[in-house]
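Trainee: Input file: query39.cif. Contents: mmCIF, C-alpha atoms.
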data_structure
loop_
_atom_site.label_atom_id
_atom_site.label_comp_id
_atom_site.auth_asym_id
_atom_site.auth_seq_id
_atom_site.Cartn_x
_atom_site.Cartn_y
_atom_site.Cartn_z
CA MET J 1 169.94 117.51 93.59
CA ALA J 2 166.71 116.82 91.70
CA LEU J 3 165.97 120.48 90.91
CA HIS J 4 165.65 120.10 87.12
CA LEU J 5 165.36 116.31 86.82
CA SER J 6 162.81 115.29 84.20
CA MET J 7 160.33 112.46 84.73
CA GLY J 8 161.89 110.57 81.84
CA GLU J 9 165.40 110.81 83.30
CA ALA J 10 164.12 109.75 86.71
CA HIS J 11 162.41 106.71 85.11
CA ARG J 12 165.63 105.79 83.30
CA ARG J 13 167.74 105.94 86.48
CA ILE J 14 165.33 103.75 88.44
CA THR J 15 164.98 101.09 85.74
CA GLU J 16 168.77 101.05 85.29
CA TYR J 17 169.24 100.41 89.02
CA LEU J 18 166.60 97.66 89.00
CA ALA J 19 168.37 95.97 86.11
CA ARG J 20 171.77 96.19 87.82
CA PHE J 21 170.40 94.90 91.13
CA SER J 22 168.53 91.94 89.65
CA ASP J 23 171.38 91.04 87.29
CA ALA J 24 173.81 91.02 90.25
CA VAL J 25 171.52 88.74 92.28
CA PHE J 26 170.60 86.27 89.53
CA SER J 27 174.17 86.03 88.22
CA GLN J 28 175.44 85.81 91.85
CA ASP J 29 177.86 88.70 91.35
CA GLY J 30 178.62 89.87 94.89
CA SER J 31 181.04 92.63 93.90
CA ALA J 32 178.37 94.19 91.65
CA LEU J 33 175.65 93.91 94.31
CA ASN J 34 177.69 95.32 97.20
CA PRO J 35 177.82 99.04 96.18
CA LEU J 36 174.09 99.04 95.37
CA LEU J 37 173.35 98.54 99.09
CA ALA J 38 175.81 101.10 100.52
CA VAL J 39 173.29 103.77 101.51
CA SER J 40 175.62 105.89 103.68
CA SER J 41 178.54 105.80 101.22
CA ASN J 42 177.30 109.01 99.56
CA SER J 43 178.11 107.50 96.19
CA PRO J 44 177.03 109.81 93.34
CA TYR J 45 175.18 106.89 91.74
CA LEU J 46 172.94 106.25 94.77
CA LEU J 47 172.45 109.97 95.39
CA SER J 48 171.25 110.43 91.80
CA LEU J 49 168.95 107.41 92.23
CA ALA J 50 167.49 108.96 95.41
CA ASP J 51 166.82 112.16 93.47
CA ALA J 52 165.08 110.13 90.80
CA LEU J 53 162.93 108.33 93.38
CA ASN J 54 161.86 111.65 94.86
CA VAL J 55 160.73 112.82 91.39
CA PHE J 56 159.18 109.56 90.14
CA GLN J 57 156.82 108.60 92.96
CA ASP J 58 155.54 105.32 91.50
CA SER J 59 158.61 103.11 91.75
CA SER J 60 156.51 100.25 93.16
CA ARG J 61 154.79 99.92 89.77
CA LEU J 62 158.17 99.58 88.05
CA VAL J 63 159.17 96.84 90.48
CA ASN J 64 155.92 94.88 90.33
CA GLN J 65 155.40 94.99 86.56
CA THR J 66 158.45 92.79 85.87
CA ASP J 67 158.74 89.29 87.33
CA LYS J 68 162.48 89.33 88.03
CA TYR J 69 162.13 92.65 89.86
CA SER J 70 159.00 91.68 91.79
CA LEU J 71 160.77 88.57 93.13
CA LEU J 72 163.11 91.00 94.92
CA GLY J 73 160.38 93.52 95.75
CA GLU J 74 160.53 92.99 99.51
CA ILE J 75 164.17 94.09 99.42
CA LEU J 76 163.92 96.77 96.72
CA LEU J 77 160.86 98.76 97.79
CA PRO J 78 161.91 99.45 101.41
CA HIS J 79 165.46 100.01 100.15
CA PHE J 80 164.12 102.71 97.82
CA ARG J 81 162.23 104.34 100.72
CA CYS J 82 165.45 104.27 102.73
CA LEU J 83 167.41 106.01 99.96
CA GLN J 84 164.71 108.70 99.65
CA SER J 85 164.64 109.39 103.38
CA PHE J 86 168.42 109.34 103.71
CA ARG J 87 168.76 111.85 100.88
CA ILE J 88 166.58 114.41 102.69
CA GLY J 89 168.17 113.76 106.11
CA ARG J 90 165.29 111.85 107.71
CA PHE J 91 167.44 109.18 109.35
CA VAL J 92 164.81 107.54 111.56
CA ASP J 93 162.63 106.87 108.50
CA ALA J 94 165.73 105.72 106.60
CA TYR J 95 166.61 103.24 109.35
CA VAL J 96 163.08 101.83 109.64
CA ALA J 97 162.93 101.26 105.87
CA PHE J 98 166.44 99.79 105.70
CA GLU J 99 165.69 97.36 108.54
CA LYS J 100 162.80 95.96 106.49
CA ALA J 101 165.01 95.62 103.42
CA ALA J 102 167.78 94.05 105.53
CA ASN J 103 165.44 91.42 107.02
CA ALA J 104 164.21 90.52 103.53
CA PHE J 105 167.80 90.32 102.28
CA LEU J 106 168.75 88.04 105.19
CA LEU J 107 165.90 85.65 104.30
CA GLU J 108 167.24 85.39 100.75
CA PHE J 109 170.83 85.09 101.98
CA ARG J 110 169.91 82.09 104.15
CA ASN J 111 168.60 80.29 101.05
CA TRP J 112 171.73 80.87 98.96
CA GLU J 113 173.95 77.83 99.42
CA THR J 114 177.28 79.52 98.70
CA GLY J 115 178.81 82.64 100.20
CA TRP J 116 178.76 84.65 96.97
CA ALA J 117 176.79 87.50 98.65
CA MET J 118 179.01 87.68 101.75
CA GLU J 119 180.44 91.10 100.88
CA ALA J 120 176.91 92.42 100.33
CA MET J 121 175.77 90.92 103.65
CA HIS J 122 178.68 92.70 105.33
CA THR J 123 177.59 95.96 103.72
CA VAL J 124 174.07 95.42 105.09
CA ALA J 125 175.58 94.78 108.54
CA LEU J 126 177.64 97.97 108.36
CA GLU J 127 174.80 100.08 107.01
CA ILE J 128 172.26 99.03 109.63
CA ARG J 129 174.72 100.05 112.38
CA VAL J 130 175.59 103.39 110.76
CA LEU J 131 171.96 104.24 110.00
CA ALA J 132 170.92 103.25 113.54
CA GLU J 133 173.54 105.60 115.03
CA ARG J 134 172.27 108.50 112.90
CA ALA J 135 168.65 107.64 113.69
CA ASP J 136 169.37 107.58 117.42
CA ARG J 137 171.03 111.01 117.22
CA GLU J 138 167.91 112.33 115.48
CA LEU J 139 165.65 110.75 118.12
CA ALA J 140 167.73 112.14 120.98
CA LEU J 141 167.62 115.65 119.49
CA SER J 142 163.82 115.49 119.34
CA GLY J 143 163.63 114.28 122.96
CA LYS J 144 162.65 110.71 122.08
CA ASN J 145 164.13 107.43 123.25
CA PRO J 146 167.13 106.45 121.05
CA GLU J 147 166.37 102.76 120.48
CA LYS J 148 167.45 101.97 116.93
CA LEU J 149 171.02 100.89 117.71
CA GLN J 150 169.65 98.27 120.07
CA GLY J 151 167.39 97.05 117.25
CA ALA J 152 170.38 96.91 114.90
CA GLY J 153 172.17 94.72 117.45
CA SER J 154 169.24 92.29 117.48
CA PHE J 155 169.30 92.11 113.69
CA LEU J 156 173.05 91.48 113.63
CA MET J 157 172.63 88.61 116.11
CA ARG J 158 170.29 87.00 113.57
CA VAL J 159 172.91 87.54 110.86
CA PHE J 160 175.51 85.95 113.13
CA GLY J 161 173.20 82.97 113.56
CA ALA J 162 172.93 82.61 109.79
CA LEU J 163 176.73 82.57 109.49
CA ALA J 164 177.49 80.35 112.47
CA GLY J 165 176.73 77.05 110.73
CA LYS J 166 179.01 74.74 108.82
CA GLY J 167 179.84 75.75 105.29
CA PRO J 168 181.49 78.60 103.37
CA LYS J 169 179.48 81.37 105.03
CA ARG J 170 181.13 80.93 108.44
CA VAL J 171 184.20 82.98 107.44
CA GLY J 172 181.94 86.05 107.41
CA ALA J 173 180.97 85.66 111.07
CA LEU J 174 183.90 87.62 112.52
CA TYR J 175 183.05 90.79 110.56
CA VAL J 176 179.50 90.72 111.95
CA THR J 177 180.91 90.05 115.43
CA CYS J 178 183.02 93.22 115.16
CA GLN J 179 179.96 95.24 114.13
CA LEU J 180 178.19 93.87 117.22
CA PHE J 181 181.15 94.86 119.39
CA LYS J 182 180.94 98.43 118.05
CA ILE J 183 177.25 98.55 118.98
CA TYR J 184 177.75 97.07 122.45
CA PHE J 185 180.63 99.43 123.25
CA LYS J 186 178.57 102.39 122.01
CA LEU J 187 175.59 101.39 124.14
CA GLY J 188 177.71 100.52 127.18
CA THR J 189 176.45 96.93 127.17
CA VAL J 190 179.84 95.24 126.76
CA HIS J 191 178.69 92.24 128.84
CA LEU J 192 176.70 91.19 125.77
CA CYS J 193 180.00 90.54 123.97
CA ARG J 194 180.61 87.42 126.06
CA SER J 195 178.17 85.09 124.29
CA VAL J 196 179.52 86.03 120.87
CA ILE J 197 183.13 85.65 122.04
CA ARG J 198 182.26 82.23 123.46
CA SER J 199 180.84 81.18 120.09
CA ILE J 200 183.90 82.38 118.19
CA GLU J 201 186.52 81.00 120.56
CA THR J 202 185.00 77.67 121.64
CA ALA J 203 182.75 76.52 118.80
CA ARG J 204 184.43 73.84 116.72
CA ILE J 205 182.95 75.16 113.48
CA PHE J 206 185.24 78.21 113.61
CA ASP J 207 188.96 78.22 112.87
CA PHE J 208 190.25 81.66 113.85
CA GLU J 209 193.01 81.55 111.24
CA GLU J 210 190.40 81.14 108.49
CA PHE J 211 189.04 84.63 109.08
CA PRO J 212 190.31 87.62 107.07
CA VAL J 213 193.23 89.50 108.68
CA ARG J 214 191.23 92.75 108.78
CA ASP J 215 188.50 91.11 110.86
CA LYS J 216 190.99 89.36 113.17
CA VAL J 217 192.70 92.67 113.93
CA THR J 218 189.38 94.36 114.78
CA TYR J 219 188.29 91.40 116.89
CA MET J 220 191.55 91.37 118.87
CA TYR J 221 191.33 95.15 119.37
CA TYR J 222 187.85 94.94 120.92
CA THR J 223 188.49 91.79 122.97
CA GLY J 224 191.76 93.40 124.13
CA ARG J 225 189.80 96.45 125.31
CA LEU J 226 187.45 94.14 127.20
CA GLU J 227 190.43 92.58 128.97
CA VAL J 228 191.67 96.08 129.90
CA PHE J 229 188.30 96.88 131.49
CA ASN J 230 188.48 93.58 133.40
CA GLU J 231 192.10 94.33 134.40
CA ASN J 232 193.33 91.10 132.82
CA PHE J 233 196.49 92.81 131.65
CA LEU J 234 198.38 89.77 130.37
CA ALA J 235 195.45 88.74 128.18
CA ALA J 236 194.97 92.37 127.11
CA ASP J 237 198.66 92.61 126.19
CA GLN J 238 198.46 89.44 124.11
CA LYS J 239 195.34 90.50 122.20
CA LEU J 240 196.32 94.14 121.61
CA MET J 241 199.83 93.13 120.55
CA TYR J 242 198.27 90.73 118.02
CA ALA J 243 196.13 93.60 116.71
CA LEU J 244 199.14 95.92 116.50
CA MET J 245 201.44 93.43 114.80
CA HIS J 246 198.85 92.48 112.18
CA CYS J 247 197.43 95.96 111.58
CA ASN J 248 198.31 97.62 108.29
CA PRO J 249 201.19 99.95 109.30
CA ARG J 250 200.01 102.52 106.76
CA SER J 251 196.75 102.85 108.68
CA GLU J 252 198.07 105.25 111.30
CA ALA J 253 194.61 106.01 112.69
CA ASN J 254 194.02 102.32 113.48
CA MET J 255 197.53 101.93 114.91
CA ARG J 256 196.84 104.89 117.17
CA MET J 257 193.53 103.41 118.36
CA ILE J 258 195.28 100.17 119.34
CA LEU J 259 198.17 101.95 121.06
CA LYS J 260 195.77 104.11 123.06
CA TYR J 261 194.90 100.98 125.04
CA LEU J 262 198.12 99.01 124.63
CA ILE J 263 200.27 101.73 126.25
CA PRO J 264 198.39 101.68 129.61
CA VAL J 265 198.59 97.88 129.54
CA LYS J 266 202.35 97.95 128.94
CA LEU J 267 202.79 100.49 131.74
CA SER J 268 200.82 98.24 134.08
CA ILE J 269 203.24 95.37 133.48
CA GLY J 270 206.31 97.56 133.85
CA ILE J 271 207.19 98.21 130.19
CA LEU J 272 207.71 101.85 129.23
CA PRO J 273 207.29 102.85 125.57
CA LYS J 274 209.75 105.19 123.90
CA MET J 275 208.86 108.86 123.46
CA GLY J 276 209.33 108.53 119.69
CA LEU J 277 206.33 106.21 119.58
CA LEU J 278 204.16 108.74 121.42
CA GLU J 279 205.24 111.50 119.04
CA LYS J 280 204.70 109.40 115.90
CA TYR J 281 201.13 108.50 116.80
CA ASN J 282 200.23 111.73 118.65
CA LEU J 283 199.74 110.08 122.02
CA LEU J 284 201.53 112.74 124.04
CA GLU J 285 198.91 112.57 126.80
CA TYR J 286 200.97 109.63 128.09
CA LYS J 287 204.26 111.55 128.12
CA ASP J 288 204.11 112.84 131.70
CA VAL J 289 202.67 109.54 132.95
CA ILE J 290 205.77 107.78 131.64
CA ASN J 291 208.11 110.49 132.98
CA ALA J 292 206.46 110.17 136.41
CA LEU J 293 207.15 106.43 136.38
CA LYS J 294 210.76 107.00 135.39
CA MET J 295 211.40 109.65 138.04
CA GLY J 296 209.20 108.39 140.86
CA ASP J 297 207.35 111.70 140.78
CA LEU J 298 203.89 111.19 142.25
CA ARG J 299 203.02 114.86 141.81
CA LEU J 300 203.71 114.66 138.06
CA LEU J 301 201.55 111.54 137.68
CA ARG J 302 198.60 113.13 139.45
CA ARG J 303 198.98 116.32 137.44
CA ALA J 304 199.02 114.32 134.18
CA LEU J 305 195.89 112.40 135.21
CA GLN J 306 194.12 115.62 136.13
CA GLN J 307 195.16 117.39 132.93
CA HIS J 308 193.92 114.59 130.66
CA GLU J 309 191.14 113.31 132.91
CA ASP J 310 188.32 113.68 130.38
CA GLN J 311 190.35 111.93 127.69
CA PHE J 312 191.36 109.03 129.92
CA LEU J 313 187.85 108.61 131.35
CA LYS J 314 186.34 108.55 127.85
CA SER J 315 188.82 105.86 126.80
CA GLY J 316 188.16 103.89 129.96
CA VAL J 317 191.83 103.78 131.02
CA TYR J 318 191.79 106.34 133.86
CA LEU J 319 191.55 103.76 136.66
CA VAL J 320 194.28 101.68 135.03
CA LEU J 321 196.61 104.70 134.97
CA GLU J 322 195.64 105.73 138.49
CA LYS J 323 196.84 102.36 139.78
CA LEU J 324 200.33 103.16 138.47
CA GLU J 325 200.83 105.15 141.68
CA LEU J 326 202.26 102.05 143.37
CA GLN J 327 204.96 101.77 140.71
CA VAL J 328 205.75 105.47 141.15
CA TYR J 329 206.13 104.97 144.92
CA GLN J 330 208.43 102.03 144.24
CA ARG J 331 210.59 104.15 141.95
CA LEU J 332 210.76 106.97 144.53
CA VAL J 333 211.86 104.59 147.29
CA LYS J 334 214.42 103.06 144.95
CA LYS J 335 215.89 106.50 144.22
CA ILE J 336 216.20 107.19 147.97
CA TYR J 337 217.86 103.79 148.37
CA ILE J 338 220.39 104.57 145.62
CA ILE J 339 221.29 107.92 147.24
CA GLN J 340 221.69 106.27 150.66
CA LYS J 341 223.85 103.55 149.13
CA GLN J 342 226.22 106.17 147.72
CA LYS J 343 226.53 107.85 151.13
CA ASP J 344 226.70 104.77 153.38
CA PRO J 345 226.60 101.39 151.56
CA SER J 346 226.51 99.39 154.80
CA ARG J 347 223.27 101.01 156.02
CA ALA J 348 221.51 101.64 152.70
CA HIS J 349 219.03 98.80 153.29
CA GLN J 350 217.74 100.47 156.47
CA MET J 351 215.35 103.19 155.34
CA LYS J 352 213.71 105.53 157.82
CA LEU J 353 210.05 106.23 157.10
CA GLU J 354 210.74 109.84 158.04
CA VAL J 355 213.15 110.14 155.09
CA ILE J 356 210.49 108.91 152.68
CA ALA J 357 207.99 111.38 154.20
CA LYS J 358 210.48 114.22 153.60
CA ALA J 359 210.97 113.17 149.96
CA LEU J 360 207.19 113.20 149.49
CA ALA J 361 206.96 116.62 151.17
CA TRP J 362 209.54 117.91 148.68
CA LEU J 363 207.13 116.72 145.96
CA GLU J 364 204.38 118.66 147.77
CA MET J 365 202.79 115.40 148.96
CA ASP J 366 202.27 115.88 152.68
CA MET J 367 202.06 112.55 154.51
CA ASP J 368 202.84 111.64 158.09
CA VAL J 369 204.97 108.65 159.04
CA ASP J 370 201.91 106.44 159.67
CA GLU J 371 200.63 107.07 156.14
CA VAL J 372 204.06 106.30 154.71
CA GLU J 373 204.15 103.06 156.70
CA CYS J 374 200.80 102.11 155.23
CA ILE J 375 202.06 102.71 151.67
CA MET J 376 205.25 100.75 152.33
CA SER J 377 203.14 97.87 153.69
CA ILE J 378 201.17 97.79 150.44
CA LEU J 379 204.38 97.87 148.37
CA ILE J 380 205.76 94.91 150.34
CA TYR J 381 202.45 93.04 150.07
CA LYS J 382 202.34 93.64 146.30
CA ASN J 383 205.94 92.40 145.99
CA LEU J 384 207.11 95.74 144.62
CA ILE J 385 209.53 95.93 147.55
CA LYS J 386 211.19 93.09 149.48
CA GLY J 387 211.66 93.88 153.15
CA TYR J 388 210.09 94.10 156.60
CA PHE J 389 209.36 96.70 159.28
CA ALA J 390 211.29 97.51 162.43
CA HIS J 391 208.24 99.15 163.99
CA LYS J 392 209.86 100.58 167.09
CA SER J 393 212.48 102.52 165.17
CA LYS J 394 210.08 103.36 162.28
CA VAL J 395 212.45 101.81 159.75
CA VAL J 396 211.79 99.55 156.78
CA VAL J 397 214.58 97.02 156.37
CA LEU J 398 215.07 96.20 152.69
CA SER J 399 216.26 92.85 151.44
CA LYS J 400 219.96 92.88 150.54
CA GLN J 401 219.16 90.80 147.45
CA ASP J 402 216.90 92.35 144.81
CA PRO J 403 214.98 94.73 147.11
CA PHE J 404 213.01 96.17 144.16
CA PRO J 405 211.75 93.26 142.02
CA ARG J 406 211.05 94.05 138.39
CA LEU J 407 207.61 93.32 137.00
CA ASN J 408 209.20 91.78 133.88
CA GLY J 409 206.00 91.88 131.86
CA LYS J 410 203.74 90.70 134.70
CA PRO J 411 201.06 92.80 136.41
CA VAL J 412 201.39 94.04 139.98
CA ASN J 413 200.11 91.36 142.40
CA SER J 414 196.46 92.01 143.20
#
Show how you would write the structure in this file as structure tokens.
Mentor:
Amino acid sequence: MALHLSMGEAHRRITEYLARFSDAVFSQDGSALNPLLAVSSNSPYLLSLADALNVFQDSSRLVNQTDKYSLLGEILLPHFRCLQSFRIGRFVDAYVAFEKAANAFLLEFRNWETGWAMEAMHTVALEIRVLAERADRELALSGKNPEKLQGAGSFLMRVFGALAGKGPKRVGALYVTCQLFKIYFKLGTVHLCRSVIRSIETARIFDFEEFPVRDKVTYMYYTGRLEVFNENFLAADQKLMYALMHCNPRSEANMRMILKYLIPVKLSIGILPKMGLLEKYNLLEYKDVINALKMGDLRLLRRALQQHEDQFLKSGVYLVLEKLELQVYQRLVKKIYIIQKQKDPSRAHQMKLEVIAKALAWLEMDMDVDEVECIMSILIYKNLIKGYFAHKSKVVVLSKQDPFPRLNGKPVNS
């Protein structure tokens, strides 16, 4: 902290920062410029600069008295105000100041022909999102409308526009897209992702393979989640598998985030992950869901959904998991069929609805024969069971060839 910081030491720190910032810009040294913009990184260097700024209150004079500093004044002065506010925990003021600095930086960035400052532009994109989130928390706590994250999204769309032209800067567009996704998911406005996705996936100026692997993994993770919400499970499987296969295996937290959505997708297309995977990545909330599918135990599935309801709802996969009930019914009927086949192979394909009702009653699922008939009708319609009804005798007659079709990596017919 700045408890015993002298005026002379404060002056020295500020002028040193100004020299480093201007040298990085005029020599086009992106790696040197990048850390000077990372407000939320809590780097000791920026924290000590913030302390100096809070002691030496006339930093604008230091900027304006030297030509090479004053040329960057519209970036530097609001950036200084941001650092001061951030240091004392005033995040709304920090965001407002940083947004001004970011807009000034974007104007300069547009004029630079090469992509030398791409890393710094990415830092600005990250910082404006992080600062907006903190500012919105502060606004919400004081009973005001949290609006800064929405403003950050508008700024990032302008950054995306600056990167979406021909030339070397376009490879930075996917990183900004991923920052936009994080904002849209946080705000619950995921429909806004569509226009950006359309630009990335259909515009001829972009070659997806040109983008950095890190950005491609993040992009596939978020677009995979969108496909989960839209129940496009084959597309979700493709995108999330891409993210998983290209994710750094040492980054267990990221692997876990991907698997949290990939597992429900795999279950929906009839693929059950091994328990070792759940244990390795601490995803044991799916353990009883998988066991229910294996055993045809509807009671166990419902208990698992109830036990982890908050978790599944927060992730947005609850409805996906709830729809696994049809696969559980299929497994239960198949188990009854196997038992009947052992007792009387010639009549195994004739299954009384009353027998299924008794099996459900044993699982504490009370259903009458009419309800069972309704469920069996759905299973036949969804092609989870092949057969037909003998309505008079209340019997479902199963096909003698492949009565329980496998999903084989395809979703249940809708």
Trainee: Spell out the residues picked by the PyMOL selection byres ((chain J and resi 61) around 12) here, as a list in words.
Mentor: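 Taken on the displayed file, the PyMOL selection byres ((chain J and resi 61) around 12) yields the residues His11, Ile14, Thr15, Phe56, Gln57, Asp58, Ser59, Ser60, Leu62, Val63, Asn64, Gln65, Thr66, Asp67, Tyr69, Ser70, Gly73, Leu76 and Leu77 of chain J.
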Trainee: Excluding J:Tyr281 and residues on its chain fewer than 4 positions from it, collect all residues at most 8 Å away from it, counting all atoms listed in the file, and give them as number ranges by chain.
Mentor: J: 252, 255-256, 277
Trainee: Would you pick out the contacts of J:Lys148 at 7 Å or less, using all atoms listed in the file, so that residues sharing its chain but fewer than 6 positions from it are not included, and give the list as a list in words?
Mentor: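 Once the nearby chain positions are removed, what remains is Ala132, Ala135 and Asp136 of chain J.
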Trainee: So that I can check the surroundings of stretch 43-45 of chain J, please list as a VMD selection string every protein, DNA and RNA residue that reaches within 12 Å of it, counting all atoms listed in the file and ignoring chain neighbours fewer than 6 positions away.
Mentor: chain J and resid 1 13 to 14 16 to 17 20 35 to 37 51 to 52 83 87
Trainee: Atom CA of J:Tyr184 and atom CA of J:Leu131 are how many Å apart?
Mentor: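 The value is 15.5 Å.
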Trainee: Using all atoms listed in the file for the distances, tell me which of J:Ser315, J:Gln350, J:Asn254, J:Asn145 is nearest to J:Val395.
Mentor: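 Going through J:Ser315, J:Gln350, J:Asn254, J:Asn145 one by one, the smallest distance to J:Val395 is for J:Gln350.
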Trainee: What would stretch 123-131 of chain J look like with all heavy atoms in place, written as a PDB file, in the coordinates of the input?
Mentor:
ATOM      1  N   THR J 123     178.011  94.571 103.944  1.00  0.00           N
ATOM      2  CA  THR J 123     177.590  95.960 103.720  1.00  0.00           C
ATOM      3  C   THR J 123     176.269  96.233 104.428  1.00  0.00           C
ATOM      4  O   THR J 123     176.090  97.290 105.046  1.00  0.00           O
ATOM      5  CB  THR J 123     177.449  96.241 102.208  1.00  0.00           C
ATOM      6  OG1 THR J 123     178.736  96.116 101.603  1.00  0.00           O
ATOM      7  CG2 THR J 123     176.915  97.649 101.947  1.00  0.00           C
ATOM      8  N   VAL J 124     175.349  95.284 104.367  1.00  0.00           N
ATOM      9  CA  VAL J 124     174.070  95.420 105.090  1.00  0.00           C
ATOM     10  C   VAL J 124     174.333  95.545 106.590  1.00  0.00           C
ATOM     11  O   VAL J 124     173.734  96.388 107.272  1.00  0.00           O
ATOM     12  CB  VAL J 124     173.149  94.221 104.781  1.00  0.00           C
ATOM     13  CG1 VAL J 124     171.933  94.221 105.706  1.00  0.00           C
ATOM     14  CG2 VAL J 124     172.703  94.252 103.324  1.00  0.00           C
ATOM     15  N   ALA J 125     175.253  94.734 107.110  1.00  0.00           N
ATOM     16  CA  ALA J 125     175.580  94.780 108.540  1.00  0.00           C
ATOM     17  C   ALA J 125     176.173  96.131 108.936  1.00  0.00           C
ATOM     18  O   ALA J 125     175.832  96.682 109.990  1.00  0.00           O
ATOM     19  CB  ALA J 125     176.576  93.657 108.872  1.00  0.00           C
ATOM     20  N   LEU J 126     177.051  96.652 108.103  1.00  0.00           N
ATOM     21  CA  LEU J 126     177.640  97.970 108.360  1.00  0.00           C
ATOM     22  C   LEU J 126     176.586  99.066 108.289  1.00  0.00           C
ATOM     23  O   LEU J 126     176.501  99.936 109.172  1.00  0.00           O
ATOM     24  CB  LEU J 126     178.758  98.247 107.358  1.00  0.00           C
ATOM     25  CG  LEU J 126     179.333  99.666 107.356  1.00  0.00           C
ATOM     26  CD1 LEU J 126     180.089  99.950 108.654  1.00  0.00           C
ATOM     27  CD2 LEU J 126     180.259  99.880 106.154  1.00  0.00           C
ATOM     28  N   GLU J 127     175.781  99.031 107.232  1.00  0.00           N
ATOM     29  CA  GLU J 127     174.800 100.080 107.010  1.00  0.00           C
ATOM     30  C   GLU J 127     173.755 100.142 108.123  1.00  0.00           C
ATOM     31  O   GLU J 127     173.370 101.230 108.553  1.00  0.00           O
ATOM     32  CB  GLU J 127     174.100  99.878 105.656  1.00  0.00           C
ATOM     33  CG  GLU J 127     174.972 100.145 104.450  1.00  0.00           C
ATOM     34  CD  GLU J 127     175.431 101.585 104.349  1.00  0.00           C
ATOM     35  OE1 GLU J 127     174.692 102.496 104.783  1.00  0.00           O
ATOM     36  OE2 GLU J 127     176.540 101.817 103.829  1.00  0.00           O
ATOM     37  N   ILE J 128     173.316  98.989 108.599  1.00  0.00           N
ATOM     38  CA  ILE J 128     172.260  99.030 109.630  1.00  0.00           C
ATOM     39  C   ILE J 128     172.811  99.644 110.913  1.00  0.00           C
ATOM     40  O   ILE J 128     172.092 100.341 111.634  1.00  0.00           O
ATOM     41  CB  ILE J 128     171.652  97.625 109.863  1.00  0.00           C
ATOM     42  CG1 ILE J 128     170.270  97.787 110.506  1.00  0.00           C
ATOM     43  CG2 ILE J 128     172.562  96.724 110.706  1.00  0.00           C
ATOM     44  CD1 ILE J 128     169.385  96.582 110.399  1.00  0.00           C
ATOM     45  N   ARG J 129     174.110  99.418 111.193  1.00  0.00           N
ATOM     46  CA  ARG J 129     174.720 100.050 112.380  1.00  0.00           C
ATOM     47  C   ARG J 129     174.850 101.558 112.182  1.00  0.00           C
ATOM     48  O   ARG J 129     174.481 102.346 113.063  1.00  0.00           O
ATOM     49  CB  ARG J 129     176.084  99.435 112.673  1.00  0.00           C
ATOM     50  CG  ARG J 129     176.784 100.097 113.865  1.00  0.00           C
ATOM     51  CD  ARG J 129     178.152  99.494 114.118  1.00  0.00           C
ATOM     52  NE  ARG J 129     179.091  99.733 113.050  1.00  0.00           N
ATOM     53  CZ  ARG J 129     179.770 100.862 112.869  1.00  0.00           C
ATOM     54  NH1 ARG J 129     179.569 101.897 113.680  1.00  0.00           N
ATOM     55  NH2 ARG J 129     180.630 100.983 111.877  1.00  0.00           N
ATOM     56  N   VAL J 130     175.372 101.958 111.029  1.00  0.00           N
ATOM     57  CA  VAL J 130     175.590 103.390 110.760  1.00  0.00           C
ATOM     58  C   VAL J 130     174.269 104.145 110.740  1.00  0.00           C
ATOM     59  O   VAL J 130     174.139 105.224 111.333  1.00  0.00           O
ATOM     60  CB  VAL J 130     176.348 103.566 109.424  1.00  0.00           C
ATOM     61  CG1 VAL J 130     176.402 105.042 109.021  1.00  0.00           C
ATOM     62  CG2 VAL J 130     177.764 102.999 109.525  1.00  0.00           C
ATOM     63  N   LEU J 131     173.270 103.587 110.069  1.00  0.00           N
ATOM     64  CA  LEU J 131     171.960 104.240 110.000  1.00  0.00           C
ATOM     65  C   LEU J 131     171.302 104.301 111.379  1.00  0.00           C
ATOM     66  O   LEU J 131     170.648 105.292 111.714  1.00  0.00           O
ATOM     67  CB  LEU J 131     171.053 103.500 109.014  1.00  0.00           C
ATOM     68  CG  LEU J 131     171.438 103.611 107.537  1.00  0.00           C
ATOM     69  CD1 LEU J 131     170.586 102.682 106.679  1.00  0.00           C
ATOM     70  CD2 LEU J 131     171.321 105.045 107.039  1.00  0.00           C
TER      71      LEU J 131
END
